Structure formats: C-alpha cells, structure tokens
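run-v6.tsv follows; it contains TSV, C-alpha atoms.
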chain	number	residue	atom	x	y	z
W	1	MET	CA	98.08	107.70	142.94
W	2	LYS	CA	100.76	105.81	144.84
W	3	LEU	CA	104.38	105.43	143.73
W	4	ILE	CA	106.60	102.83	145.37
W	5	ILE	CA	110.35	102.93	144.76
W	6	GLN	CA	111.89	99.50	145.24
W	7	ILE	CA	115.56	98.62	145.76
W	8	PRO	CA	116.87	95.02	145.66
W	9	CYS	CA	119.64	94.68	148.28
W	10	PHE	CA	122.28	92.14	149.18
W	11	ASN	CA	124.79	93.29	151.79
W	12	GLU	CA	124.39	96.95	150.84
W	13	ALA	CA	124.86	98.58	154.27
W	14	GLU	CA	127.79	100.71	153.05
W	15	THR	CA	126.02	102.32	150.10
W	16	LEU	CA	122.29	101.96	150.79
W	17	GLY	CA	122.16	105.01	153.04
W	18	ILE	CA	123.59	107.18	150.27
W	19	ALA	CA	121.04	105.87	147.77
W	20	LEU	CA	118.11	106.32	150.15
W	21	SER	CA	119.16	109.85	151.11
W	22	ALA	CA	118.78	110.86	147.47
W	23	LEU	CA	115.31	109.34	146.95
W	24	PRO	CA	112.38	111.75	146.67
W	25	ARG	CA	109.31	111.77	148.90
W	26	GLN	CA	107.36	113.87	146.43
W	27	VAL	CA	107.06	113.15	142.70
W	28	PRO	CA	104.75	115.03	140.30
W	29	GLY	CA	101.54	113.11	139.62
W	30	PHE	CA	101.53	111.12	142.86
W	31	ASP	CA	99.79	111.66	146.18
W	32	THR	CA	102.04	109.21	148.02
W	33	VAL	CA	105.64	108.08	147.51
W	34	GLU	CA	106.85	105.08	149.51
W	35	TRP	CA	110.13	103.19	149.63
W	36	LEU	CA	110.58	99.42	149.68
W	37	ILE	CA	113.72	97.31	149.88
W	38	ILE	CA	114.14	93.63	149.11
W	39	ASP	CA	116.69	92.18	151.55
W	40	ASP	CA	118.04	89.23	149.58
W	41	GLY	CA	119.55	87.30	152.49
W	42	SER	CA	121.94	90.04	153.65
W	43	THR	CA	124.32	89.23	156.51
W	44	ASP	CA	125.27	92.86	157.28
W	45	ASP	CA	123.24	95.81	158.59
W	46	THR	CA	121.31	96.42	155.36
W	47	VAL	CA	117.88	96.28	157.02
W	48	LYS	CA	119.01	98.44	159.95
W	49	VAL	CA	120.35	101.12	157.59
W	50	ALA	CA	117.14	100.98	155.56
W	51	LEU	CA	114.92	101.50	158.60
W	52	GLU	CA	117.13	104.30	159.93
W	53	HIS	CA	116.65	106.13	156.61
W	54	GLY	CA	112.87	105.84	156.67
W	55	VAL	CA	112.13	102.86	154.40
W	56	ASP	CA	108.41	102.07	154.56
W	57	HIS	CA	108.48	98.39	153.62
W	58	VAL	CA	111.03	95.57	153.90
W	59	VAL	CA	110.72	92.29	152.01
W	60	LYS	CA	113.06	89.72	153.52
W	61	HIS	CA	114.58	86.59	151.97
W	62	THR	CA	115.97	84.11	154.48
W	63	ARG	CA	118.70	83.23	151.97
W	64	ASN	CA	120.15	84.81	148.87
W	65	GLN	CA	117.93	84.11	145.85
W	66	GLY	CA	119.55	86.34	143.25
W	67	LEU	CA	118.75	89.68	141.67
W	68	ALA	CA	116.01	88.42	139.33
W	69	ARG	CA	114.05	86.72	142.10
W	70	GLY	CA	114.48	89.75	144.35
W	71	PHE	CA	113.16	92.03	141.61
W	72	MET	CA	110.07	89.88	141.02
W	73	ASN	CA	109.31	89.49	144.74
W	74	GLY	CA	109.65	93.25	145.06
W	75	LEU	CA	107.10	93.80	142.30
W	76	GLN	CA	104.69	91.42	143.99
W	77	ALA	CA	105.12	93.22	147.32
W	78	CYS	CA	104.56	96.61	145.67
W	79	LEU	CA	101.38	95.37	144.02
W	80	GLU	CA	100.11	93.99	147.34
W	81	ARG	CA	100.76	97.38	148.94
W	82	GLY	CA	98.67	99.20	146.36
W	83	ALA	CA	101.31	100.71	144.08
W	84	ASP	CA	99.96	102.35	140.93
W	85	VAL	CA	103.48	102.85	139.57
W	86	ILE	CA	106.71	101.09	140.59
W	87	VAL	CA	110.22	102.44	140.12
W	88	ASN	CA	113.19	100.08	140.42
W	89	THR	CA	116.65	101.42	141.22
W	90	ASP	CA	119.96	100.14	142.61
W	91	ALA	CA	121.32	100.21	146.15
W	92	ASP	CA	124.77	101.37	145.03
W	93	ASN	CA	123.45	104.80	144.03
W	94	GLN	CA	124.43	104.22	140.41
W	95	TYR	CA	121.47	106.21	139.07
W	96	GLN	CA	120.61	109.80	139.91
W	97	ALA	CA	117.38	109.77	141.89
W	98	ASP	CA	116.51	113.27	140.63
W	99	ASP	CA	115.65	111.62	137.29
W	100	ILE	CA	112.82	109.52	138.77
W	101	PRO	CA	110.19	112.09	137.62
W	102	LEU	CA	111.52	111.62	134.07
W	103	LEU	CA	110.82	107.88	134.34
W	104	THR	CA	107.33	108.23	135.74
W	105	ALA	CA	106.11	111.12	133.56
W	106	PRO	CA	105.24	109.02	130.45
W	107	ILE	CA	103.31	106.56	132.63
W	108	VAL	CA	101.41	109.31	134.47
W	109	ALA	CA	100.56	110.85	131.09
W	110	GLY	CA	99.24	107.50	129.86
W	111	LYS	CA	101.81	107.28	127.07
W	112	ALA	CA	103.78	104.26	128.32
W	113	ASP	CA	103.47	101.12	130.43
W	114	ILE	CA	107.22	100.73	131.04
W	115	VAL	CA	109.99	103.34	130.90
W	116	ILE	CA	113.69	102.39	130.87
W	117	GLY	CA	116.40	104.80	131.93
W	118	ALA	CA	119.05	105.00	129.21
W	119	ARG	CA	122.52	105.60	130.66
W	120	PRO	CA	125.30	107.41	128.76
W	121	ILE	CA	127.23	104.15	128.35
W	122	GLU	CA	130.15	105.59	126.39
W	123	ALA	CA	130.72	108.28	129.02
W	124	ILE	CA	130.81	105.93	132.03
W	125	GLU	CA	134.49	105.73	132.92
W	126	HIS	CA	134.35	102.66	135.19
W	127	PHE	CA	132.81	100.52	132.42
W	128	SER	CA	135.52	98.54	130.62
W	129	PRO	CA	135.50	98.41	126.79
W	130	ILE	CA	134.39	94.76	126.93
W	131	LYS	CA	131.51	95.58	129.25
W	132	LYS	CA	130.43	98.45	127.01
W	133	LEU	CA	130.52	96.11	124.02
W	134	LEU	CA	128.46	93.46	125.82
W	135	GLN	CA	125.98	96.10	126.96
W	136	LYS	CA	125.46	97.11	123.34
W	137	LEU	CA	125.24	93.47	122.21
W	138	GLY	CA	122.66	92.71	124.88
W	139	SER	CA	120.59	95.72	123.86
W	140	TRP	CA	120.76	94.67	120.19
W	141	VAL	CA	119.60	91.14	121.04
W	142	VAL	CA	116.69	92.55	123.03
W	143	ARG	CA	115.69	94.85	120.16
W	144	VAL	CA	115.67	91.89	117.76
W	145	ALA	CA	113.77	89.58	120.12
W	146	SER	CA	111.27	92.15	121.41
W	147	LYS	CA	110.83	94.37	118.34
W	148	THR	CA	111.33	97.41	120.57
W	149	ASP	CA	113.82	100.26	120.34
W	150	ILE	CA	115.43	100.37	123.79
W	151	PRO	CA	119.04	101.65	123.62
W	152	ASP	CA	120.08	100.49	127.12
W	153	ALA	CA	118.31	97.19	127.81
W	154	PRO	CA	120.56	96.14	130.78
W	155	SER	CA	119.62	99.29	132.72
W	156	GLY	CA	117.95	98.51	136.05
W	157	PHE	CA	116.60	102.04	136.44
W	158	ARG	CA	113.04	101.69	135.23
W	159	ALA	CA	109.42	102.50	135.99
W	160	MET	CA	106.32	100.45	135.25
W	161	SER	CA	102.60	100.76	135.68
W	162	ARG	CA	100.60	98.44	137.89
W	163	SER	CA	99.10	96.61	134.91
W	164	ALA	CA	102.56	96.09	133.37
W	165	ALA	CA	104.03	94.76	136.63
W	166	ARG	CA	101.23	92.20	136.88
W	167	ARG	CA	102.06	90.81	133.44
W	168	LEU	CA	105.80	90.31	133.91
W	169	THR	CA	107.41	86.95	134.68
W	170	VAL	CA	111.16	86.32	134.87
W	171	PHE	CA	112.66	82.86	134.27
W	172	SER	CA	116.32	83.76	134.69
W	173	ASP	CA	118.02	83.56	138.10
W	174	TYR	CA	120.77	85.95	136.99
W	175	THR	CA	119.10	89.18	135.89
W	176	TYR	CA	115.66	90.49	135.01
W	177	THR	CA	116.62	93.36	132.70
W	178	LEU	CA	116.54	91.68	129.29
W	179	GLU	CA	113.58	89.35	129.84
W	180	THR	CA	111.20	92.01	131.08
W	181	ILE	CA	111.75	94.17	128.00
W	182	ILE	CA	111.26	91.21	125.66
W	183	GLN	CA	108.05	90.24	127.43
W	184	ALA	CA	106.81	93.81	127.20
W	185	GLY	CA	107.45	93.81	123.47
W	186	GLN	CA	105.78	90.44	122.93
W	187	LYS	CA	102.74	91.45	124.97
W	188	ASN	CA	102.34	94.71	123.05
W	189	MET	CA	102.96	96.95	126.04
W	190	ALA	CA	103.90	100.55	125.37
W	191	ILE	CA	107.58	100.72	126.30
W	192	THR	CA	109.94	103.64	125.89
W	193	SER	CA	113.19	105.02	127.29
W	194	VAL	CA	114.42	108.36	128.58
W	195	PRO	CA	118.01	109.57	129.05
W	196	VAL	CA	119.14	109.44	132.69
W	197	ARG	CA	122.29	110.44	134.54
W	198	VAL	CA	124.56	108.26	136.63
W	199	ASN	CA	126.64	108.85	139.74
W	200	GLY	CA	130.21	107.88	140.45
W	201	ASP	CA	131.13	104.27	141.15
W	202	LEU	CA	130.85	103.46	144.88
W	203	ARG	CA	131.69	99.77	144.69
W	204	PRO	CA	132.46	97.04	142.12
W	205	SER	CA	129.47	95.49	140.38
W	206	ARG	CA	128.01	92.44	142.12
W	207	LEU	CA	126.97	90.98	138.77
W	208	VAL	CA	130.44	91.38	137.21
W	209	LYS	CA	132.79	89.38	139.42
W	210	SER	CA	135.27	89.09	136.56
W	211	ILE	CA	135.36	89.85	132.84
W	212	SER	CA	135.38	86.14	131.94
W	213	SER	CA	132.42	85.48	134.25
W	214	TYR	CA	130.52	88.44	132.83
W	215	ILE	CA	131.15	87.31	129.25
W	216	ARG	CA	130.07	83.76	130.05
W	217	ARG	CA	126.90	84.83	131.86
W	218	SER	CA	126.05	87.38	129.18
W	219	ILE	CA	126.37	84.79	126.40
W	220	VAL	CA	124.25	82.30	128.35
W	221	THR	CA	121.61	84.96	129.01
W	222	ILE	CA	121.49	85.99	125.35
W	223	VAL	CA	121.16	82.37	124.20
W	224	ARG	CA	118.42	81.73	126.76
W	225	VAL	CA	116.58	84.81	125.54
W	226	PHE	CA	116.39	83.41	122.01
W	227	VAL	CA	115.57	79.87	123.19
W	228	ILE	CA	112.68	81.06	125.38
W	229	TYR	CA	111.28	83.94	123.36
W	230	ARG	CA	112.25	83.09	119.77
W	231	PRO	CA	112.44	79.27	119.86
W	232	PHE	CA	111.33	78.70	116.26
W	233	ARG	CA	113.88	81.17	114.91
W	234	PHE	CA	116.65	79.77	117.13
W	235	PHE	CA	116.18	76.06	116.44
W	236	GLY	CA	114.94	76.66	112.90
W	237	ALA	CA	118.09	78.59	111.98
W	238	ILE	CA	120.32	75.84	113.38
W	239	GLY	CA	118.33	73.09	111.67
W	240	LEU	CA	118.19	74.86	108.32
W	241	THR	CA	121.94	75.55	108.42
W	242	LEU	CA	122.79	71.93	109.13
W	243	PHE	CA	120.34	70.61	106.52
W	244	THR	CA	121.60	73.04	103.86
W	245	LEU	CA	125.24	72.18	104.58
W	246	GLY	CA	124.49	68.46	104.30
W	247	PHE	CA	122.52	69.03	101.10
W	248	LEU	CA	125.41	70.94	99.50
W	249	ILE	CA	127.92	68.24	100.47
W	250	GLY	CA	125.54	65.66	99.00
W	251	LEU	CA	125.27	67.64	95.77
W	252	ARG	CA	129.05	67.73	95.53
W	253	PHE	CA	129.23	63.95	95.89
W	254	LEU	CA	126.45	63.47	93.32
W	255	TYR	CA	128.21	65.80	90.87
W	256	LYS	CA	131.48	63.87	91.21
W	257	TRP	CA	129.64	60.59	90.72
W	258	LEU	CA	127.80	61.76	87.60
W	259	MET	CA	130.93	63.30	86.02
W	260	SER	CA	133.05	60.17	86.53
W	261	ASP	CA	133.39	57.89	83.50
W	262	TYR	CA	134.08	54.80	85.55
W	263	GLY	CA	131.85	55.47	88.53
W	264	TYR	CA	132.83	57.54	91.52
W	265	ASP	CA	133.50	55.41	94.55
W	266	GLY	CA	135.83	57.72	96.46
W	267	HIS	CA	135.13	60.07	99.35
W	268	ILE	CA	132.33	57.91	100.74
W	269	GLN	CA	132.88	59.81	104.00
W	270	SER	CA	131.36	62.87	102.31
W	271	LEU	CA	128.18	60.94	101.61
W	272	ILE	CA	127.97	59.77	105.22
W	273	LEU	CA	128.57	63.29	106.49
W	274	ALA	CA	125.95	64.74	104.15
W	275	SER	CA	123.37	62.17	105.27
W	276	SER	CA	124.11	62.78	108.95
W	277	LEU	CA	123.88	66.56	108.64
W	278	MET	CA	120.61	66.39	106.73
W	279	VAL	CA	119.05	64.02	109.27
W	280	ILE	CA	120.20	66.13	112.23
W	281	GLY	CA	119.07	69.31	110.50
W	282	PHE	CA	115.63	67.86	109.77
W	283	GLN	CA	115.24	66.70	113.38
W	284	THR	CA	116.27	70.13	114.66
W	285	ILE	CA	113.64	71.77	112.44
W	286	LEU	CA	111.05	69.44	113.96
W	287	ILE	CA	112.26	70.52	117.42
W	288	ALA	CA	111.72	74.13	116.32
W	289	PHE	CA	108.02	73.39	115.73
W	290	VAL	CA	107.69	71.65	119.10
W	291	ALA	CA	109.47	74.50	120.89
W	292	ASP	CA	107.17	77.00	119.20
W	293	LEU	CA	104.13	75.11	120.49
W	294	LEU	CA	105.60	75.09	124.01
W	295	SER	CA	106.20	78.83	123.73
W	296	ALA	CA	102.57	79.38	122.78
W	297	ASN	CA	101.49	77.31	125.79
W	298	ARG	CA	103.74	79.39	128.07
W	299	LYS	CA	102.12	82.59	126.79
W	300	LEU	CA	98.67	81.18	127.54
W	301	MET	CA	99.74	80.31	131.10
W	302	GLU	CA	101.09	83.83	131.57
W	303	GLU	CA	97.77	85.27	130.43
W	304	VAL	CA	95.90	83.04	132.90
W	305	ARG	CA	98.20	84.28	135.68
W	306	THR	CA	97.59	87.91	134.69
W	307	LEU	CA	93.81	87.42	134.64
W	308	ALA	CA	93.98	85.83	138.10
W	309	LEU	CA	95.90	88.82	139.49
W	310	GLU	CA	93.48	91.27	137.89
W	311	SER	CA	90.55	89.34	139.35
W	312	ARG	CA	92.13	89.47	142.80
W	313	ASP	CA	92.65	93.24	142.46
W	314	ARG	CA	88.98	93.75	141.59
W	315	ALA	CA	87.94	91.61	144.54
W	316	ASN	CA	90.05	93.71	146.91
Could I get this structure in the form of structure tokens?
Amino acid sequence: MKLIIQIPCFNEAETLGIALSALPRQVPGFDTVEWLIIDDGSTDDTVKVALEHGVDHVVKHTRNQGLARGFMNGLQACLERGADVIVNTDADNQYQADDIPLLTAPIVAGKADIVIGARPIEAIEHFSPIKKLLQKLGSWVVRVASKTDIPDAPSGFRAMSRSAARRLTVFSDYTYTLETIIQAGQKNMAITSVPVRVNGDLRPSRLVKSISSYIRRSIVTIVRVFVIYRPFRFFGAIGLTLFTLGFLIGLRFLYKWLMSDYGYDGHIQSLILASSLMVIGFQTILIAFVADLLSANRKLMEEVRTLALESRDRAN
C-alpha cells in the first residue's frame, strides 16, 4: 500500500519547510509514504525548499492556475505514481500532520472512500466572525446538495482512496473543497469526517484577500454549487416563485374586477405585471428541465471518464 501526501503550493517558501518537517514517513497501514508538491507557478524558492526537505515528486505549472486546478493535477500525478491513498494538506502548516493517521484509518479499514478533517472552527482565533459564519453556511449548503453530514466542508485536510480520486472532477477555478464533497455524495461514495487539530496562523490566507472578496467569492461558489449539482431545484424554485407571485397578483386583479359593479378598469399595470411574471416563471421552469437533462449528461460523461481511467489502470 502506497500513501502519497500532496501539497498545493504558490510562493510558499517561507512556510513550506515547516509543513514538510512535520509530515510523517511512516503511517499505519502503508508500506510506503511519499510526498508530492504542486508548484502552481511560484516565483520564489518553493521548489528548492521542497527538494531540500526530501519531497519525492514535484508537479510544476508554468503559470498560476489556481488552487482547484492544482489540487486536481496533484490527484492525477498521485494516481500516475501508484498511490493507493492520497492525503491533501496545506503548505502553511495549518493542519497538524500528526492527525494524518486519523484521516487514513477509515480508508485502510475499508469503511470510507473519502475522509474530511473537521477543524474546531469556533476555537480558531484568527478566523473572523464573518469567516466562521460563511464556513458554516458553506458546510450547510454542501450538506443539502450532497445529502452528506460533513461538519467542515471547506477543510482542505482530507484523504481519499484511489478509486475515489479517479471519480472526482472539479469545475471551479477558485476552490475544490465544496465540489468534491458534493460529487462524492451524488456518486454514493462512503464519505465521513474526523476531528483534527490545527496549528497557529503563519500567514494570511491566500484565498481570503479581504472580507468583501471572501463574501463575494463564497456566494458565487455556493450559487454555482446549486446551479451545477441541483439545477432543477435551483431554477425550479425561481420559476415557481415567479409564477406563483404572478398568479396571486392576477387573482387580486380578477377579484377586484368581479367585485366591481361598474367594471374594474383600474390598476391595469397589475395585470401586465402578473402576465409577465407568469410567463417568465413558466419559461424558468422549462429551463429547469433542460438544465436537469444537461446535468444527467454531465454525470454520464464523468462515468465514461472514470471507466477510461480504470481501464488504463488495469492495462498498466
């Protein structure tokens, strides 16, 4: 059994050495433990620091492609290098490496395909109240969309089996954390979480450049999650709301017209508004059906991709 620990990196020379020094070379259940970094277009000495600390594999991007792309390219590289289990962690030493055996144990025991490290969010002092709130909101959205019970969905400290890594695909350029859990839930993978510890803050988050930026990106990510993975519910809810609102306004106009002794010719704007809302609502409901068909087609394409990867593994 081979375990590969991967770390996406972008200009992490100052903290990478600390993170690597804490990584284990022996983990229960594995014959080999290797380290891999994804250099996402770094312009500092990230690669040099990694090699000095004994990293076995380096995946290099000629330009910065973002955390999500780095994560996925790392998974692909780990699969090509024969990993049976992959652990993902951060270069800023946020997570305690001593908890890696906790992540891998359910996979080694055959009880899980993916294990997410659940941080003590409320106890993390450098997380602002807004960030804590958005972390909880993101986790709630993921639970609704994936029908899983993961308390800390944005956590990047996670382990996955080889078969699970083959089946994951990330569409977002911003982050991989939410999408991968939703996909796992939709594909009926066994996914669980374990409590993990965190270290002190060594540097500001690269994903949170400002509170306003974090809020904006978080909202966009959450909306995209529903559009991609629950398209019928997303568009159907909007369409039904608009249609119902238009219908109620139309009923009000009809009631006024029927109750008038001399005919009700006022508030014609209400009738126009009701008609417009009902038409838009009906069209949005039709879009919900089309989006649902596209979602089904996407799932089929993902299955074809997974079968191709499994076939290549058998051939090798």
#### Entry: Computed interatomic separation between atom CA of Ala112 of chain W and atom CA of Trp140 of chain W (Å)
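Rounded to one decimal, the two atoms are 21.1 Å apart.
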### Message
Between W:Ala308, W:Met278, W:Ile222, W:Met1, which residue has the minimum interatomic distance to Leu248 of chain W, considering all atoms listed in the file?
### Response
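Between W:Ala308, W:Met278, W:Ile222, W:Met1, the residue approaching Leu248 of chain W most closely is W:Met278.
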### Query
Any idea what's packed within 10 Å of His61 of chain W, counting all atoms listed in the file, ignoring anything in its chain fewer than 3 positions away? Could you give it as a list in words?
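These residues fall inside the cut-off: Phe10, Ile38, Asp39, Asp40, Gly41, Ser42, Val58, Asn64, Gln65, Arg69, Gly70 and Asn73 of chain W.
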Restricting it to C-alpha atoms, dump the selection as a PDB file, in the coordinates of the input.
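Result file follows (out-v9.pdb):
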ATOM      1  CA  PHE W  10     122.280  92.140 149.180  1.00  0.00           C
ATOM      2  CA  ILE W  38     114.140  93.630 149.110  1.00  0.00           C
ATOM      3  CA  ASP W  39     116.690  92.180 151.550  1.00  0.00           C
ATOM      4  CA  ASP W  40     118.040  89.230 149.580  1.00  0.00           C
ATOM      5  CA  GLY W  41     119.550  87.300 152.490  1.00  0.00           C
ATOM      6  CA  SER W  42     121.940  90.040 153.650  1.00  0.00           C
ATOM      7  CA  VAL W  58     111.030  95.570 153.900  1.00  0.00           C
ATOM      8  CA  ASN W  64     120.150  84.810 148.870  1.00  0.00           C
ATOM      9  CA  GLN W  65     117.930  84.110 145.850  1.00  0.00           C
ATOM     10  CA  ARG W  69     114.050  86.720 142.100  1.00  0.00           C
ATOM     11  CA  GLY W  70     114.480  89.750 144.350  1.00  0.00           C
ATOM     12  CA  ASN W  73     109.310  89.490 144.740  1.00  0.00           C
TER      13      ASN W  73
END
### Task
Would you please work out which residue, of W:Asp84, W:Asp44, W:Asp98, W:Glu179, is nearest to Ala159 of chain W when using all atoms listed in the file?
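Nearest to Ala159 of chain W: W:Asp84.
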### Message
Taking (118.8, 105.9, 140.6) as a centre in this file's frame and 12 Å as the limit, can you find every polymer residue with an atom that close, using all atoms listed in the file, and give them as a PyMOL selection string?
### Response
chain W and resi 5-7+16+18-24+87-103+116-119+155-159+196-200
Report the centre and edge lengths, in Å to one decimal, of an axis-aligned box enclosing every atom of segment 296-306 of chain W listed in the file, padded by 3 Å on each side, as JSON.
{"center_x": 99.8, "center_y": 82.6, "center_z": 129.2, "size_x": 13.8, "size_y": 16.6, "size_z": 18.9}
### Message
Quick one: residues within 9 Å of Gly138 of chain W, all atoms listed in the file, excluding same-chain residues fewer than 4 positions away - as JSON, numbers by chain?
### Response
{"W": [133, 134, 142, 143, 152, 153, 154, 178, 218, 219, 221, 222]}
Generate a file of the selected residues that holds C-alpha atoms, formatted as a CSV table (one decimal), in the frame of the given file.
chain,number,residue,atom,x,y,z
W,133,LEU,CA,130.5,96.1,124.0
W,134,LEU,CA,128.5,93.5,125.8
W,142,VAL,CA,116.7,92.6,123.0
W,143,ARG,CA,115.7,94.8,120.2
W,152,ASP,CA,120.1,100.5,127.1
W,153,ALA,CA,118.3,97.2,127.8
W,154,PRO,CA,120.6,96.1,130.8
W,178,LEU,CA,116.5,91.7,129.3
W,218,SER,CA,126.0,87.4,129.2
W,219,ILE,CA,126.4,84.8,126.4
W,221,THR,CA,121.6,85.0,129.0
W,222,ILE,CA,121.5,86.0,125.4
### Task
Provide the atom CA of Asp113 of chain W to atom CA of Phe30 of chain W distance in Å, to one decimal place.
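Answer for the atom CA of Asp113 of chain W to atom CA of Phe30 of chain W separation: 16.1 Å.
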#### Entry: Minimum-distance residue to Gly185 of chain W, chosen among W:Phe282, W:Ile114, W:Ser139, W:Lys132 (using only C-alpha atoms)
W:Ile114
